[in-house]
Structures are given as C-alpha cells and as structure tokens.
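Working notes, structure below.
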Amino acid sequence: TEDSYTFIGNPIIEGFPARGKALKDAIRDNFLGFFEEVVNAFSSAGYNIYYRLINSADYGVPQNRQRIFIFGTRLSNNWTFPEHSNNSEGNILSYDNVGDAISDLEKNSDDIPNHLVLNHNDIVIDRYKLIPEGGKLPPPEQLPKRIRRKNFGNTYVRLHREKKSTTLVPGNNAFPVHPVLHRSLTPREAARIQSFPDDVIFEGTRREQCILVGNAVPPPLAWSIAQKLKQVHARGS
C-alpha cells in the first residue's frame, strides 16, 4: 500500500578499549540506555518490537561476530528470526573457517580488487613472527627490548586457518594477523571473512575500505533476515 514501507538501519557504535571493570560497566550502561531509548521510541509509535543477539558464525560466516538485531513491525503476525543456516546463495558463499575463505589469496595480485597489503615496518614484522597461528603476542616482558611497548591492543592476534575469525573491527591497521603470513589482513581478505563476493568493490583509500568492511553486516546473515522480511510482507496482517 502507499503507506507501507521498510526501514533498515545500522547505527555505528564505535568500539572502545576495554581497560578495567569501571570502563566496561560505563560502556555497558551507555549502550543499554541507548538500546532502551530506541526500543521505547518505536514501541510508542505503535511498533511491535523483537530483538535478539545473533552470531554471524551461525549463518555460514567464518567469523564470530555477535550483534544485536532489532525488528519492528505494525503487522500482527509474530516475528521470528531466521533459523541457523550454512547454505550459499548465488554468489554469496558460505565458508567453514578462515582458511576456506582466504587461502587462495596468499599470493599478492593486482587483479584482485581491494587486495592491498599494508607495508609494515621491521619492528612490527618481528612482532608478528612471534605470534603462533591462532595465538597472541607474548607479554611485553617476554619480548626483545627493541620491539616492546606498553599496550598492543587487539591487533596482535593471529588467525587460525581451521577456525573462525575473531570479530573484525574497522580501521586501517585494526584487522588481525594473517594465519601464515607476517602481515595484517588486506581489505579483500577481511571482506572474504565477512563473506562478501569478490565482485563487491569497496571504494576509497585503504583505510576507508577497511572501515567499510569492518562496519558491514555479513551478506549471508543479511540475506537470511531479508528473506524472512519478504515472507512477513507476503503474509501481511
């Protein structure tokens, strides 16, 4: 009908370094306040609100990525979130693990869009060499003095070929370390772990590409939710 419409939004809430219980509690309280405000606003406008914490790994994405999804409708039909699925849909492929998604990209190639390798300095590369597959950098006191620093954040984590990736976050050098190469992931490798087809091109500088990839909803999960929305609209109220 003329007054029917669908709104899909993805508010960007930047991550924060979790240092100490007080900071973690403050972040949690701020998010809960924002979440309740959104839910109450749409409920007051006459929407039935449903929400769930969803892990993209349950939908064929080789990444543990938990996000809260909120669905609002004025239809009387009860909404249920899509069931878990590992099925591929057209050129949106399902991957079992990191190796399944990116092992063919180990050789650099200008023919692959967004496959831009970051040129790390020797100190960073020497740190990467100390990280085992699926592991983290040793504590600073166990490192040679010339490569030590106080805080390494979450960037010095190496992925494992036979496991799911940790959650990808946006930033020029925020992606984890490649499972076998001594460098961080390229935007294309990260896009593969997000399950984007190679024909989806990310524009801008390398940093801008990383932000686009890191903020995105993985296509297999987006597809599953979109198909569920289609079913709801077909049924009507």
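How things are named: the first chain in the structure tokens is A, the next is B, and so on; residues count from 1 in each chain; ligands count from 1 in the order shown.
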
Using only C-alpha atoms, what does the table of stretch 15-91 of chain A residues within 12 Å of stretch 221-231 of chain A look like, with each row giving the shortest atom pair and its distance in Å to one decimal, sorted by chain and ascending number, as CSV?
```
residue,atom,partner,partner_atom,distance
A:Ile54,CA,A:Leu221,CA,9.1
A:Asn55,CA,A:Leu221,CA,9.0
A:Ser56,CA,A:Leu221,CA,6.2
A:Ala57,CA,A:Leu221,CA,8.9
A:Asp58,CA,A:Leu221,CA,8.5
A:Tyr59,CA,A:Leu221,CA,5.7
A:Gly60,CA,A:Leu221,CA,8.0
A:Val61,CA,A:Leu221,CA,7.9
A:Pro62,CA,A:Leu221,CA,11.7
A:Gln63,CA,A:Leu221,CA,11.6
A:Arg65,CA,A:Leu221,CA,10.7
A:Gln66,CA,A:Leu221,CA,11.3
A:Arg67,CA,A:Leu221,CA,10.9
A:Phe69,CA,A:Ile225,CA,9.8
A:Ile70,CA,A:Ile225,CA,11.1
A:Phe71,CA,A:Leu229,CA,9.5
A:Gly72,CA,A:Leu229,CA,10.7
A:Thr73,CA,A:Leu229,CA,10.1
A:Leu75,CA,A:Leu229,CA,11.5
A:Asn77,CA,A:Gln231,CA,10.8
A:Asn78,CA,A:Leu229,CA,11.8
A:Trp79,CA,A:Lys228,CA,8.8
A:Thr80,CA,A:Lys228,CA,8.2
A:Phe81,CA,A:Ile225,CA,7.1
A:Pro82,CA,A:Ser224,CA,6.1
A:Glu83,CA,A:Ser224,CA,8.3
A:His84,CA,A:Ser224,CA,8.8
A:Ser85,CA,A:Ser224,CA,8.3
A:Asn86,CA,A:Leu221,CA,9.9
A:Asn87,CA,A:Ser224,CA,10.0
A:Ser88,CA,A:Trp223,CA,10.1
A:Glu89,CA,A:Trp223,CA,8.3
A:Gly90,CA,A:Trp223,CA,10.8
A:Asn91,CA,A:Trp223,CA,11.7
```

Residues just named, written with N, CA and C atoms as a short mmCIF file (atom, residue, chain, number, x, y, z; two decimals), in the first residue's frame:
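Final output, saved to out-v2.cif:
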```
data_model
loop_
_atom_site.label_atom_id
_atom_site.label_comp_id
_atom_site.auth_asym_id
_atom_site.auth_seq_id
_atom_site.Cartn_x
_atom_site.Cartn_y
_atom_site.Cartn_z
N ILE A 54 22.64 -12.02 17.79
CA ILE A 54 22.89 -13.00 16.73
C ILE A 54 24.38 -13.07 16.43
N ASN A 55 24.88 -14.29 16.26
CA ASN A 55 26.27 -14.53 15.88
C ASN A 55 26.31 -14.88 14.40
N SER A 56 27.03 -14.10 13.60
CA SER A 56 27.11 -14.35 12.16
C SER A 56 27.67 -15.73 11.83
N ALA A 57 28.45 -16.30 12.74
CA ALA A 57 29.01 -17.63 12.51
C ALA A 57 27.93 -18.68 12.34
N ASP A 58 26.73 -18.42 12.84
CA ASP A 58 25.63 -19.37 12.72
C ASP A 58 24.95 -19.30 11.36
N TYR A 59 25.47 -18.43 10.47
CA TYR A 59 24.85 -18.26 9.15
C TYR A 59 25.87 -18.42 8.03
N GLY A 60 26.88 -19.25 8.25
CA GLY A 60 27.85 -19.54 7.21
C GLY A 60 28.97 -18.55 7.07
N VAL A 61 29.13 -17.67 8.05
CA VAL A 61 30.21 -16.67 8.02
C VAL A 61 31.38 -17.19 8.86
N PRO A 62 32.61 -17.18 8.34
CA PRO A 62 33.75 -17.73 9.09
C PRO A 62 34.29 -16.74 10.12
N GLN A 63 33.41 -16.23 10.95
CA GLN A 63 33.77 -15.18 11.90
C GLN A 63 32.79 -15.18 13.07
N ARG A 65 30.95 -13.09 15.27
CA ARG A 65 30.58 -11.67 15.22
C ARG A 65 29.18 -11.54 15.80
N GLN A 66 29.09 -11.13 17.05
CA GLN A 66 27.81 -11.01 17.72
C GLN A 66 27.29 -9.56 17.66
N ARG A 67 26.06 -9.43 17.20
CA ARG A 67 25.43 -8.12 17.11
C ARG A 67 23.96 -8.25 17.51
N PHE A 69 20.19 -7.41 16.87
CA PHE A 69 19.30 -7.02 15.77
C PHE A 69 17.92 -6.71 16.36
N ILE A 70 17.38 -5.57 15.94
CA ILE A 70 16.06 -5.13 16.40
C ILE A 70 15.12 -5.11 15.21
N PHE A 71 13.96 -5.75 15.35
CA PHE A 71 12.97 -5.77 14.29
C PHE A 71 11.67 -5.18 14.81
N GLY A 72 11.15 -4.21 14.08
CA GLY A 72 9.88 -3.59 14.47
C GLY A 72 8.86 -3.68 13.36
N THR A 73 7.62 -4.00 13.71
CA THR A 73 6.57 -4.12 12.70
C THR A 73 5.22 -3.72 13.31
N LEU A 75 2.58 -5.07 11.80
CA LEU A 75 1.78 -6.22 11.44
C LEU A 75 1.51 -7.06 12.68
N ASN A 77 1.30 -10.35 12.75
CA ASN A 77 1.99 -11.64 12.74
C ASN A 77 3.21 -11.59 13.65
N ASN A 78 3.40 -12.65 14.42
CA ASN A 78 4.58 -12.73 15.28
C ASN A 78 5.84 -12.90 14.42
N TRP A 79 6.85 -12.16 14.77
CA TRP A 79 8.13 -12.24 14.04
C TRP A 79 9.04 -13.26 14.71
N THR A 80 9.69 -14.08 13.90
CA THR A 80 10.73 -14.98 14.41
C THR A 80 11.98 -14.75 13.57
N PHE A 81 13.11 -14.71 14.21
CA PHE A 81 14.37 -14.51 13.49
C PHE A 81 14.71 -15.77 12.69
N PRO A 82 15.46 -15.63 11.60
CA PRO A 82 15.74 -16.79 10.73
C PRO A 82 16.52 -17.88 11.46
N GLU A 83 16.24 -19.11 11.07
CA GLU A 83 16.95 -20.25 11.64
C GLU A 83 18.39 -20.27 11.15
N HIS A 84 19.26 -20.92 11.90
CA HIS A 84 20.67 -21.02 11.52
C HIS A 84 20.79 -21.73 10.17
N SER A 85 21.76 -21.28 9.37
CA SER A 85 21.95 -21.88 8.05
C SER A 85 23.38 -21.71 7.59
N ASN A 86 23.90 -22.72 6.90
CA ASN A 86 25.24 -22.64 6.31
C ASN A 86 25.17 -22.74 4.79
N ASN A 87 24.02 -22.44 4.23
CA ASN A 87 23.82 -22.56 2.79
C ASN A 87 24.37 -21.34 2.05
N SER A 88 24.95 -21.58 0.86
CA SER A 88 25.34 -20.49 -0.03
C SER A 88 24.14 -20.06 -0.85
N GLU A 89 24.10 -18.78 -1.21
CA GLU A 89 23.00 -18.24 -2.01
C GLU A 89 23.58 -17.48 -3.20
N GLY A 90 23.54 -18.10 -4.39
CA GLY A 90 24.12 -17.44 -5.56
C GLY A 90 25.61 -17.23 -5.38
N ASN A 91 26.05 -15.97 -5.53
CA ASN A 91 27.48 -15.68 -5.35
C ASN A 91 27.83 -15.31 -3.91
#
```

Give me the residues within 8 Å of A:Leu116 as a PDB file with all heavy atoms, in the first residue's frame, counting only C-alpha atoms and dropping any in the same chain fewer than 2 places off.
```
ATOM      1  N   ASN A 114      40.774  -4.577  -4.029  1.00  0.00           N
ATOM      2  CA  ASN A 114      40.884  -4.326  -2.582  1.00  0.00           C
ATOM      3  C   ASN A 114      41.908  -5.214  -1.882  1.00  0.00           C
ATOM      4  O   ASN A 114      41.985  -5.211  -0.653  1.00  0.00           O
ATOM      5  CB  ASN A 114      39.529  -4.503  -1.880  1.00  0.00           C
ATOM      6  CG  ASN A 114      38.431  -3.653  -2.476  1.00  0.00           C
ATOM      7  OD1 ASN A 114      37.420  -4.164  -2.950  1.00  0.00           O
ATOM      8  ND2 ASN A 114      38.614  -2.342  -2.484  1.00  0.00           N
ATOM      9  N   LEU A 118      49.354  -3.956   3.524  1.00  0.00           N
ATOM     10  CA  LEU A 118      49.933  -2.854   4.288  1.00  0.00           C
ATOM     11  C   LEU A 118      51.430  -3.100   4.464  1.00  0.00           C
ATOM     12  O   LEU A 118      51.855  -4.196   4.822  1.00  0.00           O
ATOM     13  CB  LEU A 118      49.251  -2.765   5.653  1.00  0.00           C
ATOM     14  CG  LEU A 118      49.514  -1.512   6.490  1.00  0.00           C
ATOM     15  CD1 LEU A 118      48.999  -0.269   5.780  1.00  0.00           C
ATOM     16  CD2 LEU A 118      48.830  -1.645   7.857  1.00  0.00           C
ATOM     17  N   THR A 186      44.404  -7.986   4.382  1.00  0.00           N
ATOM     18  CA  THR A 186      44.071  -6.948   3.410  1.00  0.00           C
ATOM     19  C   THR A 186      42.562  -6.687   3.481  1.00  0.00           C
ATOM     20  O   THR A 186      41.803  -7.505   4.017  1.00  0.00           O
ATOM     21  CB  THR A 186      44.424  -7.386   1.978  1.00  0.00           C
ATOM     22  OG1 THR A 186      43.565  -8.481   1.598  1.00  0.00           O
ATOM     23  CG2 THR A 186      45.877  -7.822   1.881  1.00  0.00           C
ATOM     24  N   PRO A 187      42.087  -5.555   2.928  1.00  0.00           N
ATOM     25  CA  PRO A 187      40.642  -5.322   2.899  1.00  0.00           C
ATOM     26  C   PRO A 187      39.887  -6.455   2.198  1.00  0.00           C
ATOM     27  O   PRO A 187      38.780  -6.824   2.620  1.00  0.00           O
ATOM     28  CB  PRO A 187      40.514  -4.001   2.131  1.00  0.00           C
ATOM     29  CG  PRO A 187      41.800  -3.295   2.396  1.00  0.00           C
ATOM     30  CD  PRO A 187      42.843  -4.368   2.449  1.00  0.00           C
ATOM     31  N   ARG A 188      40.460  -7.037   1.131  1.00  0.00           N
ATOM     32  CA  ARG A 188      39.766  -8.119   0.430  1.00  0.00           C
ATOM     33  C   ARG A 188      39.691  -9.379   1.279  1.00  0.00           C
ATOM     34  O   ARG A 188      38.655 -10.065   1.299  1.00  0.00           O
ATOM     35  CB  ARG A 188      40.457  -8.417  -0.912  1.00  0.00           C
ATOM     36  CG  ARG A 188      39.841  -9.592  -1.692  1.00  0.00           C
ATOM     37  CD  ARG A 188      38.339  -9.477  -1.846  1.00  0.00           C
ATOM     38  NE  ARG A 188      37.951  -8.190  -2.430  1.00  0.00           N
ATOM     39  CZ  ARG A 188      36.688  -7.768  -2.501  1.00  0.00           C
ATOM     40  NH1 ARG A 188      35.699  -8.487  -2.010  1.00  0.00           N
ATOM     41  NH2 ARG A 188      36.410  -6.589  -3.038  1.00  0.00           N
ATOM     42  N   ARG A 206      42.756   2.896   1.383  1.00  0.00           N
ATOM     43  CA  ARG A 206      42.816   1.609   2.080  1.00  0.00           C
ATOM     44  C   ARG A 206      42.126   1.707   3.437  1.00  0.00           C
ATOM     45  O   ARG A 206      41.385   0.806   3.836  1.00  0.00           O
ATOM     46  CB  ARG A 206      44.272   1.160   2.264  1.00  0.00           C
ATOM     47  CG  ARG A 206      44.386  -0.256   2.850  1.00  0.00           C
ATOM     48  CD  ARG A 206      45.834  -0.611   3.166  1.00  0.00           C
ATOM     49  NE  ARG A 206      45.940  -2.011   3.532  1.00  0.00           N
ATOM     50  CZ  ARG A 206      45.639  -2.514   4.722  1.00  0.00           C
ATOM     51  NH1 ARG A 206      45.168  -1.703   5.681  1.00  0.00           N
ATOM     52  NH2 ARG A 206      45.769  -3.800   4.978  1.00  0.00           N
TER      53      ARG A 206
END
```

Item to complete: Compile the contact shell of A:Arg127 as a PyMOL selection string: residues with an atom at most 8 Å away, counting only C-alpha atoms, same-chain residues fewer than 4 positions apart removed.
Response: chain A and resi 123+131+137+147

Please provide the set of residues having any atom within 10 Å of A:Ser103, restricted to only C-alpha atoms, with same-chain residues fewer than 5 positions apart removed, written as a VMD selection string.
chain A and resid 98 161 178 to 180 189

Atom CA of A:Arg235 sits from atom CA of A:Pro218 at a separation of 26.4 Å
